[in-house]
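Working notes, structure below.
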Amino acid sequence: MPASAAASHRSWSGTRASCIAGLLAVGACLAALPAAAQSTKERLTRLEGQLARTERLLENNQAMQTELLQRLQELRSENQGLRERLDQLAFEATQSGDRQRQLYLDLDARLQALEAGGTAAGAAAAGADGEATGAAVSDADSYAAAFEQLKQADYAAAQEQFQAFLASYPDSELRGNAQYWLAETYYVTKDFATAKPEFQKVIADYPTSRKIPDAWLKLGFCNYELEQWADARVALSTVTSRYGDSTAARLAGQRLEQMRAAGH
């Protein structure tokens, strides 16, 4: 074979080999494409799944937040309603306490009028015999005027008039009641230190007064407010032991139970 032909043959062989190698490389690349595409598709699927789960979580959170906000609003409304109801009950309790105090005062006034009636009748009889009638009637009138100030919650005026009554009528049968209500004017104004010895005077100076159970009760209450626990227990226990069927005894028992619960 001529030299030129041999060279041409070698050149073609080289070119052919190069083409075959190139085709093999392209084939390898083409073969690798499906695997890469599959990997990319799987990653895309995973990402889409994660995105979907994230969206669901966000939706759930939004729904939960909406529900929580709605519940919070309901609780706020309920709390406001309860506060309004509590205020109403507190007002009603205050009003009820005022009504009960007024009823008590009215009842006490009627009883005192009956007590004073005997004294006034005696004075009228004395007048028929030509004797002076002013003193007995005056003590009843003076007492009634002081008691009216108490009913009107004018405690300063009531104090002055009860004190004037006690100074002016040393022999009046209404002195025990007057002393009790004088003490009460200090108690209702929370001057417990002053009220305490005034209630003690009822017990010491008027042992037959029908106000004795109430005086013991209020003496216990004064000691309670002054945090004199031992004295409070003595006074309240006296009420429960001596006057067991009375309203005063029931109230004393309640306060003793309250003290026990508080560790006093």
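Simple scheme: letters A, B, ... for chains in structure tokens order, numbers from 1 for residues in each chain, numbers from 1 for ligands in the order shown.
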Find the residues near A:Gln149: any atom within 12 Å, counting only C-alpha atoms, skip ones fewer than 6 places away on the same chain, and give them as a PDB file with C-alpha atoms, in the first residue's frame.
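File part-v9.pdb, as written:
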ATOM      1  CA  LEU A 105     -84.535  49.521 114.637  1.00  0.00           C
ATOM      2  CA  SER A 142     -86.021  62.485 124.740  1.00  0.00           C
ATOM      3  CA  TYR A 143     -85.211  58.854 124.112  1.00  0.00           C
ATOM      4  CA  TYR A 155     -74.774  59.090 114.328  1.00  0.00           C
ATOM      5  CA  ALA A 156     -73.108  62.223 115.675  1.00  0.00           C
ATOM      6  CA  ALA A 157     -76.474  63.726 116.595  1.00  0.00           C
ATOM      7  CA  ALA A 158     -77.617  60.402 118.044  1.00  0.00           C
ATOM      8  CA  GLN A 159     -74.507  60.242 120.233  1.00  0.00           C
ATOM      9  CA  GLU A 160     -75.127  63.703 121.626  1.00  0.00           C
ATOM     10  CA  GLN A 161     -78.780  63.027 122.345  1.00  0.00           C
ATOM     11  CA  PHE A 162     -78.220  59.654 123.973  1.00  0.00           C
ATOM     12  CA  TRP A 181     -77.606  52.409 121.297  1.00  0.00           C
ATOM     13  CA  LEU A 182     -74.999  54.957 122.313  1.00  0.00           C
ATOM     14  CA  THR A 185     -73.372  54.646 117.226  1.00  0.00           C
TER      15      THR A 185
END
Among A:Glu59, A:Asp154, A:Glu173, A:Glu225, A:Asp139 is approached most closely, using only C-alpha atoms, by A:Glu173
Would you mind reading off the distance between atom CA of A:Lys151 and atom CA of A:Val239, one decimal, in Å?
-> 25.8 Å
I want to know what sits within 9 Å of A:Ala178, based on only C-alpha atoms, with residues of the same chain fewer than 5 positions away left out; could you give that as a JSON list (two decimals) with N, CA, C and O atoms, in the first residue's frame?
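Okay, selection.json is ready:
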[["chain", "number", "residue", "atom", "x", "y", "z"],
["A", 143, "TYR", "N", -85.74, 60.10, 124.65],
["A", 143, "TYR", "CA", -85.21, 58.85, 124.11],
["A", 143, "TYR", "C", -85.67, 58.66, 122.66],
["A", 143, "TYR", "O", -84.88, 58.29, 121.79],
["A", 146, "ALA", "N", -83.67, 60.82, 120.26],
["A", 146, "ALA", "CA", -82.33, 60.30, 120.02],
["A", 146, "ALA", "C", -82.37, 59.08, 119.12],
["A", 146, "ALA", "O", -81.55, 58.92, 118.20],
["A", 147, "PHE", "N", -83.35, 58.23, 119.35],
["A", 147, "PHE", "CA", -83.48, 57.02, 118.56],
["A", 147, "PHE", "C", -83.83, 57.34, 117.11],
["A", 147, "PHE", "O", -83.39, 56.67, 116.18],
["A", 162, "PHE", "N", -78.23, 60.76, 123.01],
["A", 162, "PHE", "CA", -78.22, 59.65, 123.97],
["A", 162, "PHE", "C", -77.40, 60.03, 125.21],
["A", 162, "PHE", "O", -77.76, 59.68, 126.34],
["A", 163, "GLN", "N", -76.28, 60.71, 125.00],
["A", 163, "GLN", "CA", -75.48, 61.16, 126.14],
["A", 163, "GLN", "C", -76.27, 62.15, 127.00],
["A", 163, "GLN", "O", -76.23, 62.09, 128.25],
["A", 165, "PHE", "N", -79.50, 62.26, 127.22],
["A", 165, "PHE", "CA", -80.55, 61.49, 127.89],
["A", 165, "PHE", "C", -80.01, 60.82, 129.15],
["A", 165, "PHE", "O", -80.62, 60.87, 130.22],
["A", 166, "LEU", "N", -78.84, 60.16, 129.03],
["A", 166, "LEU", "CA", -78.27, 59.47, 130.18],
["A", 166, "LEU", "C", -77.90, 60.44, 131.30],
["A", 166, "LEU", "O", -78.00, 60.09, 132.49],
["A", 183, "ALA", "N", -73.55, 53.01, 122.43],
["A", 183, "ALA", "CA", -72.41, 52.19, 122.02],
["A", 183, "ALA", "C", -72.50, 51.82, 120.54],
["A", 183, "ALA", "O", -71.50, 51.80, 119.82]]
Please measure the separation of atom CA of A:Glu184 and atom CA of A:Pro207, giving the value in Å to one decimal.
-> 17.6 Å
From a DSSP calculation on the backbone, collect every residue of stretch 175-218 of chain A in alpha helix (DSSP H) and output the set as a PyMOL selection string.
-> chain A and resi 175-188+192-205+212-218
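Residue nearest A:Pro170 within the list A:Leu72, A:Tyr186, A:Asp205, A:Glu198: A:Asp205 [criterion: smallest interatomic distance, only C-alpha atoms].
The spacing separating atom CA of A:Ala204 from atom CA of A:Leu174 amounts to 15.5 Å.
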